[in-house]
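K.L.:
Quick one, structure.csv (CSV, C-alpha atoms (C1' of nucleotides)):
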chain,number,residue,atom,x,y,z
A,1307,MET,CA,-21.5,7.9,1.4
A,1308,SER,CA,-23.6,6.7,4.3
A,1309,ASP,CA,-26.7,6.9,2.2
A,1310,ASP,CA,-26.4,6.0,-1.4
A,1311,HIS,CA,-30.0,6.9,-2.1
A,1312,ASP,CA,-29.4,10.4,-0.9
A,1313,GLU,CA,-26.2,10.7,-2.8
A,1314,SER,CA,-28.0,9.9,-6.0
A,1315,THR,CA,-30.6,12.5,-5.1
A,1316,LEU,CA,-27.9,15.1,-4.9
A,1317,GLY,CA,-26.7,14.0,-8.3
A,1318,ARG,CA,-30.1,14.3,-9.7
A,1319,ILE,CA,-30.5,17.8,-8.3
A,1320,GLU,CA,-27.2,18.7,-9.8
A,1321,THR,CA,-28.2,17.3,-13.2
A,1322,GLU,CA,-31.6,18.9,-13.2
A,1323,VAL,CA,-30.2,22.3,-12.2
A,1324,ALA,CA,-27.7,22.1,-15.0
A,1325,LEU,CA,-30.4,21.1,-17.4
A,1326,LEU,CA,-32.6,23.9,-16.3
A,1327,MET,CA,-29.9,26.4,-16.8
A,1328,ARG,CA,-29.3,25.2,-20.3
A,1329,PHE,CA,-32.9,25.2,-21.3
A,1330,GLY,CA,-33.5,28.5,-19.6
A,1331,GLU,CA,-30.8,30.1,-21.5
A,1332,ALA,CA,-31.9,28.6,-24.8
A,1333,THR,CA,-35.4,29.8,-24.1
A,1334,ARG,CA,-34.2,33.2,-23.3
A,1335,ARG,CA,-32.2,33.3,-26.4
A,1336,ALA,CA,-35.0,32.1,-28.6
A,1337,THR,CA,-37.8,34.3,-27.1
A,1338,GLY,CA,-35.5,37.2,-26.5
A,1339,THR,CA,-34.3,37.4,-30.0
A,1340,ALA,CA,-37.7,37.0,-31.3
A,1341,GLU,CA,-39.4,40.3,-30.5
A,1342,HIS,CA,-39.1,41.7,-27.1
A,1343,ARG,CA,-35.4,42.0,-27.6
A,1344,VAL,CA,-35.1,44.8,-25.3
A,1345,LEU,CA,-35.0,43.0,-22.0
A,1346,ASP,CA,-32.0,40.9,-21.8
A,1347,ARG,CA,-31.4,38.8,-18.7
A,1348,ALA,CA,-29.6,41.4,-16.6
A,1349,ALA,CA,-31.8,44.2,-17.7
A,1350,TYR,CA,-34.9,42.3,-16.6
A,1351,VAL,CA,-33.5,41.4,-13.2
A,1352,ILE,CA,-32.4,45.0,-12.7
A,1353,LEU,CA,-35.8,46.4,-13.5
A,1354,ARG,CA,-37.4,43.7,-11.3
A,1355,HIS,CA,-35.2,44.6,-8.5
A,1356,LEU,CA,-35.9,48.3,-8.9
A,1357,ALA,CA,-39.6,47.6,-8.9
A,1358,ASP,CA,-39.3,45.4,-5.9
A,1359,ALA,CA,-36.9,47.3,-3.7
A,1360,GLY,CA,-37.2,50.8,-5.0
A,1361,PRO,CA,-34.7,53.2,-6.6
A,1362,GLN,CA,-31.2,52.6,-5.5
A,1363,ASN,CA,-27.5,53.1,-6.4
A,1364,VAL,CA,-25.5,51.2,-8.9
A,1365,SER,CA,-23.4,49.6,-6.3
A,1366,ALA,CA,-26.4,48.4,-4.3
A,1367,LEU,CA,-27.8,46.8,-7.5
A,1368,ALA,CA,-24.4,45.2,-8.3
A,1369,ALA,CA,-24.1,43.8,-4.8
A,1370,ARG,CA,-27.6,42.5,-4.8
A,1371,LEU,CA,-27.4,40.9,-8.3
A,1372,ASN,CA,-23.9,39.5,-7.9
A,1373,LEU,CA,-22.6,41.6,-10.7
A,1374,ASP,CA,-19.6,43.8,-11.2
A,1375,GLY,CA,-20.3,47.4,-10.8
A,1376,SER,CA,-19.1,48.1,-14.4
A,1377,THR,CA,-21.5,45.6,-15.7
A,1378,VAL,CA,-24.4,47.3,-13.9
A,1379,THR,CA,-23.2,50.6,-15.1
A,1380,ARG,CA,-23.4,49.5,-18.7
A,1381,GLN,CA,-26.7,47.7,-18.3
A,1382,VAL,CA,-28.1,50.8,-16.7
A,1383,SER,CA,-26.8,53.0,-19.5
A,1384,ALA,CA,-28.6,50.8,-22.0
A,1385,LEU,CA,-31.7,51.0,-19.9
A,1386,GLN,CA,-31.4,54.7,-19.7
A,1387,ARG,CA,-30.9,55.0,-23.5
A,1388,ASP,CA,-34.1,53.0,-23.9
A,1389,GLY,CA,-35.9,55.2,-21.5
A,1390,LEU,CA,-36.6,52.5,-19.0
A,1391,ILE,CA,-34.8,54.0,-16.1
A,1392,THR,CA,-33.6,57.4,-15.0
A,1393,ARG,CA,-30.4,58.4,-13.3
A,1394,THR,CA,-30.5,61.1,-10.6
A,1395,PRO,CA,-27.7,62.3,-8.4
A,1396,ASP,CA,-27.9,60.9,-5.0
A,1397,PRO,CA,-28.8,63.8,-2.7
A,1398,SER,CA,-27.2,62.2,0.2
A,1399,ASP,CA,-23.9,61.2,-1.5
A,1400,GLY,CA,-22.4,63.2,-4.3
A,1401,ARG,CA,-20.6,60.2,-5.7
A,1402,GLY,CA,-23.8,58.2,-6.0
A,1403,THR,CA,-26.4,57.9,-8.7
A,1404,VAL,CA,-29.9,56.8,-7.9
A,1405,ILE,CA,-31.4,54.6,-10.5
A,1406,SER,CA,-35.2,54.7,-10.7
A,1407,PRO,CA,-37.4,52.8,-13.1
A,1408,THR,CA,-39.5,54.9,-15.4
A,1409,PRO,CA,-43.2,54.1,-15.9
A,1410,ALA,CA,-42.2,52.7,-19.3
A,1411,GLY,CA,-39.6,50.5,-17.7
A,1412,LEU,CA,-42.0,49.2,-15.1
A,1413,GLN,CA,-44.5,48.5,-17.8
A,1414,ARG,CA,-42.0,46.7,-20.0
A,1415,MET,CA,-40.8,44.7,-17.1
A,1416,ALA,CA,-44.3,43.8,-16.1
A,1417,ALA,CA,-45.1,42.7,-19.7
A,1418,VAL,CA,-42.1,40.4,-19.8
A,1419,GLN,CA,-42.9,39.1,-16.3
A,1420,ALA,CA,-46.5,38.4,-17.4
A,1421,ALA,CA,-45.3,36.6,-20.5
A,1422,ARG,CA,-43.0,34.5,-18.5
A,1423,THR,CA,-45.6,33.8,-15.9
A,1424,ARG,CA,-48.0,32.8,-18.6
A,1425,LEU,CA,-45.3,30.5,-20.0
A,1426,TYR,CA,-45.0,28.8,-16.7
A,1427,GLY,CA,-48.7,28.6,-16.4
A,1428,ASP,CA,-48.8,26.9,-19.8
A,1429,MET,CA,-46.0,24.5,-19.0
A,1430,LEU,CA,-47.3,23.6,-15.5
A,1431,ALA,CA,-50.9,23.4,-16.7
A,1432,ASP,CA,-51.3,19.9,-15.5
A,1433,TRP,CA,-49.6,20.3,-12.2
A,1434,SER,CA,-51.6,20.3,-9.0
A,1435,PRO,CA,-51.6,23.6,-7.0
A,1436,GLU,CA,-49.8,21.8,-4.2
A,1437,ASP,CA,-47.0,20.7,-6.5
A,1438,ARG,CA,-46.7,24.2,-7.9
A,1439,SER,CA,-46.4,25.8,-4.5
A,1440,THR,CA,-44.1,23.1,-3.3
A,1441,LEU,CA,-41.8,23.8,-6.3
A,1442,ALA,CA,-41.9,27.5,-5.6
A,1443,ALA,CA,-41.1,26.9,-1.9
A,1444,LEU,CA,-38.2,24.5,-2.6
A,1445,LEU,CA,-36.7,26.7,-5.2
A,1446,GLY,CA,-36.9,29.6,-2.8
A,1447,ARG,CA,-35.1,27.5,-0.2
A,1448,LEU,CA,-32.5,26.4,-2.8
A,1449,ASN,CA,-31.8,30.0,-3.7
A,1450,GLN,CA,-31.6,31.0,-0.1
A,1451,ALA,CA,-29.0,28.2,0.4
A,1452,LEU,CA,-27.1,29.4,-2.7
A,1453,ILE,CA,-27.1,33.0,-1.3
A,1454,ASN,CA,-26.0,31.8,2.1
A,1455,ARG,CA,-23.2,29.9,0.6
A,1456,ASN,CA,-22.0,32.6,-1.8
A,1457,ARG,CA,-22.1,35.4,0.7
A,1458,PRO,CA,-21.0,34.5,4.2
A,1459,ARG,CA,-18.8,37.5,3.7
B,1097,MET,CA,-57.3,35.2,-12.4
B,1098,SER,CA,-59.7,32.7,-11.1
B,1099,ASP,CA,-57.2,31.9,-8.4
B,1100,ASP,CA,-55.1,34.7,-7.1
B,1101,HIS,CA,-53.1,32.4,-4.9
B,1102,ASP,CA,-52.0,30.2,-7.8
B,1103,GLU,CA,-51.2,33.2,-9.9
B,1104,SER,CA,-48.8,34.4,-7.4
B,1105,THR,CA,-47.3,30.9,-7.1
B,1106,LEU,CA,-46.5,31.1,-10.8
B,1107,GLY,CA,-44.9,34.4,-10.2
B,1108,ARG,CA,-42.8,33.0,-7.5
B,1109,ILE,CA,-41.7,30.2,-9.6
B,1110,GLU,CA,-40.8,32.6,-12.3
B,1111,THR,CA,-38.9,34.7,-9.9
B,1112,GLU,CA,-37.1,31.8,-8.3
B,1113,VAL,CA,-36.0,30.3,-11.6
B,1114,ALA,CA,-34.7,33.6,-12.7
B,1115,LEU,CA,-32.8,34.0,-9.5
B,1116,LEU,CA,-31.5,30.5,-9.7
B,1117,MET,CA,-30.1,31.1,-13.2
B,1118,ARG,CA,-28.4,34.3,-12.0
B,1119,PHE,CA,-26.8,32.6,-9.0
B,1120,GLY,CA,-26.0,29.4,-10.9
B,1121,GLU,CA,-24.1,31.4,-13.4
B,1122,ALA,CA,-22.3,33.4,-10.7
B,1123,THR,CA,-21.4,30.2,-9.0
B,1124,ARG,CA,-20.1,28.6,-12.1
B,1125,ARG,CA,-18.1,31.7,-12.8
B,1126,ALA,CA,-16.6,31.8,-9.4
B,1127,THR,CA,-15.8,28.1,-8.9
B,1128,GLY,CA,-14.9,27.7,-12.6
B,1129,THR,CA,-12.4,30.5,-12.5
B,1130,ALA,CA,-11.0,29.3,-9.3
B,1131,GLU,CA,-9.1,26.3,-10.3
B,1132,HIS,CA,-10.7,23.8,-12.6
B,1133,ARG,CA,-11.0,26.5,-15.1
B,1134,VAL,CA,-11.1,24.1,-18.0
B,1135,LEU,CA,-14.7,23.0,-17.8
B,1136,ASP,CA,-16.9,25.9,-18.7
B,1137,ARG,CA,-20.6,25.3,-18.9
B,1138,ALA,CA,-20.8,24.0,-22.4
B,1139,ALA,CA,-17.7,21.8,-22.1
B,1140,TYR,CA,-19.1,20.2,-19.0
B,1141,VAL,CA,-22.4,19.4,-20.6
B,1142,ILE,CA,-20.6,18.1,-23.7
B,1143,LEU,CA,-18.5,15.8,-21.7
B,1144,ARG,CA,-21.5,14.7,-19.6
B,1145,HIS,CA,-23.4,13.9,-22.7
B,1146,LEU,CA,-20.6,12.0,-24.2
B,1147,ALA,CA,-20.2,10.0,-21.0
B,1148,ASP,CA,-23.9,9.4,-21.0
B,1149,ALA,CA,-24.7,8.7,-24.6
B,1150,GLY,CA,-21.4,7.6,-26.0
B,1151,PRO,CA,-19.1,9.0,-28.8
B,1152,GLN,CA,-21.0,10.9,-31.4
B,1153,ASN,CA,-20.8,13.5,-34.1
B,1154,VAL,CA,-20.6,17.2,-33.7
B,1155,SER,CA,-24.0,17.7,-35.2
B,1156,ALA,CA,-25.6,15.2,-32.9
B,1157,LEU,CA,-24.1,17.0,-30.0
B,1158,ALA,CA,-25.3,20.3,-31.3
B,1159,ALA,CA,-28.8,19.1,-31.8
B,1160,ARG,CA,-29.0,17.5,-28.4
B,1161,LEU,CA,-27.5,20.4,-26.6
B,1162,ASN,CA,-29.5,23.1,-28.4
B,1163,LEU,CA,-26.3,24.7,-29.6
B,1164,ASP,CA,-25.1,25.9,-33.0
B,1165,GLY,CA,-22.8,23.5,-34.8
B,1166,SER,CA,-20.1,26.1,-34.9
B,1167,THR,CA,-20.3,26.6,-31.1
B,1168,VAL,CA,-19.9,22.9,-30.6
B,1169,THR,CA,-17.0,22.8,-33.1
B,1170,ARG,CA,-15.1,25.4,-31.1
B,1171,GLN,CA,-15.9,23.8,-27.7
B,1172,VAL,CA,-14.8,20.5,-29.0
B,1173,SER,CA,-11.6,22.0,-30.4
B,1174,ALA,CA,-10.9,23.5,-26.9
B,1175,LEU,CA,-11.6,20.1,-25.3
B,1176,GLN,CA,-9.3,18.4,-27.8
B,1177,ARG,CA,-6.5,20.9,-27.2
B,1178,ASP,CA,-6.9,20.1,-23.5
B,1179,GLY,CA,-6.8,16.4,-24.2
B,1180,LEU,CA,-10.3,15.8,-22.9
B,1181,ILE,CA,-11.8,14.4,-26.1
B,1182,THR,CA,-10.5,12.9,-29.3
B,1183,ARG,CA,-11.7,13.4,-32.8
B,1184,THR,CA,-11.8,10.4,-35.1
B,1185,PRO,CA,-13.1,10.3,-38.7
B,1186,ASP,CA,-16.5,8.8,-38.8
B,1187,PRO,CA,-16.0,5.4,-40.6
B,1188,SER,CA,-19.5,5.4,-41.9
B,1189,ASP,CA,-19.5,9.0,-43.1
B,1190,GLY,CA,-16.5,10.7,-44.5
B,1191,ARG,CA,-17.9,14.1,-43.6
B,1192,GLY,CA,-18.4,13.3,-40.0
B,1193,THR,CA,-16.1,13.4,-37.0
B,1194,VAL,CA,-16.8,11.2,-34.0
B,1195,ILE,CA,-16.1,12.9,-30.7
B,1196,SER,CA,-15.1,10.6,-27.9
B,1197,PRO,CA,-14.2,11.5,-24.4
B,1198,THR,CA,-10.7,10.6,-23.3
B,1199,PRO,CA,-10.1,9.0,-19.9
B,1200,ALA,CA,-8.8,12.3,-18.7
B,1201,GLY,CA,-11.9,14.0,-20.0
B,1202,LEU,CA,-14.2,11.5,-18.2
B,1203,GLN,CA,-12.2,12.0,-15.1
B,1204,ARG,CA,-12.3,15.7,-15.3
B,1205,MET,CA,-16.0,15.6,-15.9
B,1206,ALA,CA,-16.5,13.3,-13.0
B,1207,ALA,CA,-14.4,15.5,-10.7
B,1208,VAL,CA,-16.5,18.6,-11.6
B,1209,GLN,CA,-19.7,16.6,-11.2
B,1210,ALA,CA,-18.6,15.3,-7.8
B,1211,ALA,CA,-17.6,18.8,-6.7
B,1212,ARG,CA,-20.9,20.2,-7.7
B,1213,THR,CA,-22.7,17.4,-6.0
B,1214,ARG,CA,-20.7,18.0,-2.9
B,1215,LEU,CA,-21.6,21.6,-3.2
B,1216,TYR,CA,-25.3,20.8,-3.2
B,1217,GLY,CA,-24.7,18.4,-0.4
B,1218,ASP,CA,-23.2,21.3,1.6
B,1219,MET,CA,-25.9,23.7,0.8
B,1220,LEU,CA,-28.7,21.3,1.4
B,1221,ALA,CA,-27.1,19.9,4.5
B,1222,ASP,CA,-30.1,20.8,6.7
B,1223,TRP,CA,-32.7,19.6,4.3
B,1224,SER,CA,-34.7,16.5,5.0
B,1225,PRO,CA,-34.2,13.6,2.6
B,1226,GLU,CA,-37.8,14.0,1.6
B,1227,ASP,CA,-37.4,17.6,0.7
B,1228,ARG,CA,-34.3,16.8,-1.3
B,1229,SER,CA,-35.9,14.1,-3.3
B,1230,THR,CA,-39.1,16.2,-3.8
B,1231,LEU,CA,-36.9,19.0,-5.2
B,1232,ALA,CA,-35.2,16.6,-7.5
B,1233,ALA,CA,-38.5,15.2,-8.7
B,1234,LEU,CA,-40.1,18.5,-9.2
B,1235,LEU,CA,-37.1,19.9,-11.0
B,1236,GLY,CA,-37.2,16.9,-13.2
B,1237,ARG,CA,-40.8,17.5,-14.0
B,1238,LEU,CA,-40.2,21.2,-14.7
B,1239,ASN,CA,-37.4,20.3,-17.1
B,1240,GLN,CA,-39.6,17.8,-18.8
B,1241,ALA,CA,-42.3,20.5,-19.2
B,1242,LEU,CA,-39.7,22.8,-20.6
B,1243,ILE,CA,-38.5,20.2,-23.1
B,1244,ASN,CA,-42.0,19.4,-24.1
B,1245,ARG,CA,-42.7,23.0,-24.7
B,1246,ASN,CA,-39.6,23.8,-26.6
B,1247,ARG,CA,-39.7,20.7,-28.8
B,1248,PRO,CA,-43.1,19.7,-30.0
B,1249,ARG,CA,-41.4,19.8,-33.4
C,674,DA,C1',-22.6,11.7,-63.1
C,675,DT,C1',-24.3,15.5,-61.4
C,676,DA,C1',-27.3,18.3,-58.4
C,677,DA,C1',-28.8,18.8,-54.0
C,678,DG,C1',-28.0,18.1,-49.3
C,679,DT,C1',-25.1,17.5,-45.1
C,680,DA,C1',-21.1,17.8,-41.8
C,681,DC,C1',-17.8,20.4,-40.3
C,682,DC,C1',-14.8,24.4,-40.1
C,683,DT,C1',-13.6,29.4,-40.2
C,684,DG,C1',-14.5,34.4,-40.3
C,685,DT,C1',-16.9,37.6,-38.1
C,686,DA,C1',-19.9,39.8,-34.9
C,687,DC,C1',-22.3,40.5,-30.6
C,688,DG,C1',-23.6,40.5,-25.9
C,689,DA,C1',-22.6,39.9,-21.1
C,690,DT,C1',-19.3,40.0,-18.1
C,691,DA,C1',-14.9,41.0,-15.3
C,692,DC,C1',-10.8,43.5,-13.9
C,693,DA,C1',-7.9,47.5,-13.8
C,694,DG,C1',-7.5,52.2,-13.7
C,695,DC,C1',-9.5,56.9,-13.5
C,696,DT,C1',-12.0,60.9,-11.3
C,697,DA,C1',-15.0,62.9,-8.0
C,698,DT,C1',-16.6,62.7,-3.6
C,699,DC,C1',-16.9,61.3,1.2
C,700,DT,C1',-15.1,60.2,5.9
C,701,DG,C1',-12.2,60.1,9.8
C,702,DA,C1',-7.8,61.1,12.3
C,703,DG,C1',-4.8,64.5,13.5
D,942,DC,C1',-9.6,72.2,8.9
D,943,DT,C1',-6.7,69.2,6.2
D,944,DC,C1',-5.4,65.5,4.0
D,945,DA,C1',-5.0,60.4,3.5
D,946,DG,C1',-7.6,56.6,2.5
D,947,DA,C1',-12.0,54.6,1.2
D,948,DT,C1',-15.9,54.5,-2.0
D,949,DA,C1',-19.2,55.3,-6.2
D,950,DG,C1',-19.3,55.3,-10.6
D,951,DC,C1',-17.5,55.4,-15.3
D,952,DT,C1',-14.4,53.9,-19.2
D,953,DG,C1',-10.9,51.0,-21.5
D,954,DT,C1',-9.8,46.5,-22.5
D,955,DA,C1',-10.1,41.6,-22.5
D,956,DT,C1',-12.5,37.1,-22.4
D,957,DC,C1',-16.0,33.8,-23.2
D,958,DG,C1',-19.9,31.8,-25.1
D,959,DT,C1',-22.7,32.0,-28.7
D,960,DA,C1',-24.8,32.8,-33.5
D,961,DC,C1',-25.0,33.5,-38.5
D,962,DA,C1',-22.9,33.3,-43.0
D,963,DG,C1',-20.0,31.3,-46.1
D,964,DG,C1',-16.6,27.7,-47.7
D,965,DT,C1',-15.0,22.9,-48.6
D,966,DA,C1',-15.3,18.1,-48.6
D,967,DC,C1',-18.2,14.4,-48.8
D,968,DT,C1',-22.8,11.8,-49.4
D,969,DT,C1',-27.2,10.7,-51.5
D,970,DA,C1',-30.7,10.5,-54.9
D,971,DT,C1',-31.9,10.7,-59.4
What would the structure in this file look like if it were written as structure tokens?
P.N.:
Amino acid sequence: MSDDHDESTLGRIETEVALLMRFGEATRRATGTAEHRVLDRAAYVILRHLADAGPQNVSALAARLNLDGSTVTRQVSALQRDGLITRTPDPSDGRGTVISPTPAGLQRMAAVQAARTRLYGDMLADWSPEDRSTLAALLGRLNQALINRNRPR
Amino acid sequence: MSDDHDESTLGRIETEVALLMRFGEATRRATGTAEHRVLDRAAYVILRHLADAGPQNVSALAARLNLDGSTVTRQVSALQRDGLITRTPDPSDGRGTVISPTPAGLQRMAAVQAARTRLYGDMLADWSPEDRSTLAALLGRLNQALINRNRPR
DNA sequence: ATAAGTACCTGTACGATACAGCTATCTGAG
DNA sequence: CTCAGATAGCTGTATCGTACAGGTACTTAT
């Protein structure tokens, strides 16, 4: 309350994030239903994370993606059905199952990623490189802040 | 491909937006379930829009929020059940129903909005005012770009 | 005055998610 | 070594947000 200007900045951020989520979801719905169809939101993040961080257990994925284990189990089952990941017993823990992306999975993920990147390229066509990288950096910091807040456990 | 640096910036933006949506949803789920409970995502945006743009018809809301009419109908029913909006026959169109926020609805919305804003204030506590307002501005531009892309109809 | 369009509602379906409970396995204390 | 408790993953069930299809009441244009 000391600084009304900053207060309203927070309000704007809140508004814009809410808006972004609405539009992001609408976009995902629209484009997702259209054709790709096979990579729903969670499936995409799962594949991305596997590609990024390597094969890992269901629980590791769940923890990382802030999802319930059962959710990941089902997503992973769907991905396996579609041949995009494989399950192998964890050699170091008989309870565990290691999830690895298949080449097809990686390729599918990369295709979606490329399409999305292209979309952003389109939308941000008239942005300066500085603005783009500033946005990327600030979003990164925002997410970091979110993570820090949600998981000081 | 002319500029590898910029290409990767787009990738980062794509990544961060995806992450933001995941965390945003998780946060909404967590905080929403906690206590307020009554303002799910759509309900919140509906109330916000009503507060912003005044009482209006279901279809106007649906169009504006990029939602199916039936979805808005149900959300509105829930809001009415909770006493947060009222339905009145549209005097100028016997088919229509005008949705107005009740004082309680406005208050609830404002409370959630304030809570969210506070949350952002918390998370961004160590950000400089410049970074905050840059983030707000860039998010605004990003949303504008999204809107422009989704609705050149 | 009647056909076409529109606004809203309802039935139904689906997808993503969570929570609770189950089984198999692991780990540590005795 | 044994067994109690923790953990990994799966399955059953429930909920929520959403869409599409169809119905009814009203409006508009001809």
K.L.:
Report the distance between CA of Asn1244 in chain B and CA of Glu1331 in chain A in Å, rounded to one decimal place.
P.N.:
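The value is 15.7 Å.
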K.L.:
Using only C-alpha atoms (C1' of nucleotides), which residue out of A:Pro1407, A:Arg1370, A:Ser1376, A:Leu1326 lies closest to DG953 in chain D?
P.N.:
A:Ser1376
K.L.:
Within 9 Å of Glu1320 in chain A, counting only C-alpha atoms (C1' of nucleotides), which residues show up once you throw out same-chain ones fewer than 3 positions away? Write them as a list in words, please.
P.N.:
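Neighbouring residues, sequence-local ones excluded: Thr1315, Leu1316, Gly1317, Val1323, Ala1324 and Leu1325 of chain A; Gln1209, Arg1212, Thr1213, Tyr1216 and Ala1232 of chain B.
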K.L.:
If the cut-off is 7 Å, can you tell me the residues of chain B near chain D, counting all atoms listed in the file? I'd like them as a list in words.
P.N.:
Asp1164, Thr1167, Gly1190 and Arg1191 of chain B
K.L.:
Store the residues picked out above in a file with C-alpha atoms, as a tab-separated table (two decimals), keeping the file's coordinate frame.
P.N.:
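Result file part_28.tsv:
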chain	number	residue	atom	x	y	z
B	1164	ASP	CA	-25.10	25.90	-33.00
B	1167	THR	CA	-20.30	26.60	-31.10
B	1190	GLY	CA	-16.50	10.70	-44.50
B	1191	ARG	CA	-17.90	14.10	-43.60
K.L.:
Could you pull the residues within 12 Å of Ala1359 in chain A, counting only C-alpha atoms (C1' of nucleotides), minus those fewer than 5 positions along the same chain, as a list in words?
P.N.:
Val1351, Ile1352, Leu1353, Arg1354, Ala1366, Leu1367, Arg1370, Ile1405, Ser1406 and Pro1407 of chain A
K.L.:
With only C-alpha atoms counted and 9 Å as the cut-off, give the residues of chain B in contact with chain A, each with its shortest interatomic distance in Å and the pair that gives it, as a tab-separated table.
P.N.:
residue	atom	partner	partner_atom	distance
B:Asp1102	CA	A:Pro1435	CA	6.7
B:Glu1103	CA	A:Thr1423	CA	8.2
B:Thr1105	CA	A:Ser1439	CA	5.8
B:Leu1106	CA	A:Thr1423	CA	5.8
B:Gly1107	CA	A:Thr1423	CA	5.8
B:Arg1108	CA	A:Ala1442	CA	5.9
B:Ile1109	CA	A:Ala1442	CA	4.8
B:Glu1110	CA	A:Thr1423	CA	6.1
B:Thr1111	CA	A:Gln1419	CA	8.7
B:Glu1112	CA	A:Gly1446	CA	5.9
B:Val1113	CA	A:Leu1445	CA	7.4
B:Ala1114	CA	A:Val1351	CA	7.9
B:Leu1115	CA	A:Asn1449	CA	7.1
B:Leu1116	CA	A:Asn1449	CA	6.0
B:Met1117	CA	A:Met1327	CA	5.9
B:Arg1118	CA	A:Leu1371	CA	7.6
B:Phe1119	CA	A:Leu1452	CA	7.1
B:Gly1120	CA	A:Met1327	CA	7.7
B:Glu1121	CA	A:Met1327	CA	8.4
B:Ala1122	CA	A:Asn1372	CA	6.9
B:Thr1123	CA	A:Asn1456	CA	7.6
B:Arg1137	CA	A:Ala1324	CA	8.7
B:Ala1138	CA	A:Arg1328	CA	8.8
B:Val1141	CA	A:Ala1324	CA	8.2
B:Leu1161	CA	A:Arg1328	CA	8.1
B:Asn1162	CA	A:Ala1332	CA	7.0
B:Leu1163	CA	A:Ala1332	CA	8.3
B:Gln1209	CA	A:Glu1320	CA	7.9
B:Ala1210	CA	A:Gly1317	CA	8.2
B:Arg1212	CA	A:Glu1320	CA	6.8
B:Thr1213	CA	A:Gly1317	CA	5.7
B:Arg1214	CA	A:Leu1316	CA	8.0
B:Tyr1216	CA	A:Leu1316	CA	6.5
B:Gly1217	CA	A:Leu1316	CA	6.4
B:Asp1218	CA	A:Arg1455	CA	8.7
B:Met1219	CA	A:Ala1451	CA	5.5
B:Leu1220	CA	A:Ala1451	CA	7.0
B:Pro1225	CA	A:Asp1312	CA	6.7
B:Asp1227	CA	A:Leu1444	CA	7.7
B:Arg1228	CA	A:Thr1315	CA	6.8
B:Ser1229	CA	A:Thr1315	CA	5.8
B:Thr1230	CA	A:Leu1444	CA	8.4
B:Leu1231	CA	A:Leu1444	CA	6.2
B:Ala1232	CA	A:Ile1319	CA	4.9
B:Ala1233	CA	A:Ile1319	CA	8.4
B:Leu1234	CA	A:Leu1441	CA	6.3
B:Leu1235	CA	A:Glu1322	CA	6.0
B:Gly1236	CA	A:Glu1322	CA	5.9
B:Leu1238	CA	A:Leu1430	CA	7.5
B:Asn1239	CA	A:Leu1326	CA	6.1
B:Ala1241	CA	A:Met1429	CA	5.5
B:Leu1242	CA	A:Met1429	CA	6.7
B:Ile1243	CA	A:Phe1329	CA	7.7
B:Asn1244	CA	A:Met1429	CA	8.2
B:Arg1245	CA	A:Met1429	CA	6.8
B:Asn1246	CA	A:Thr1333	CA	7.7
K.L.:
Would you kindly report the residues of chain B within 8 Å of chain C, using all atoms listed in the file, as an MDAnalysis selection string?
P.N.:
chainID B and resid 1154:1155 1166 1169 1191:1193
K.L.:
On all C-alpha atoms matched in order, how well does chain B superpose onto chain A? Give the RMSD in Å.
P.N.:
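C-alpha RMSD after least-squares superposition: 0.6 Å.
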K.L.:
In Å to one decimal, how far is CA of Ser1398 in chain A from CA of Gln1381 in chain A?
P.N.:
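Interatomic distance here is 23.5 Å.
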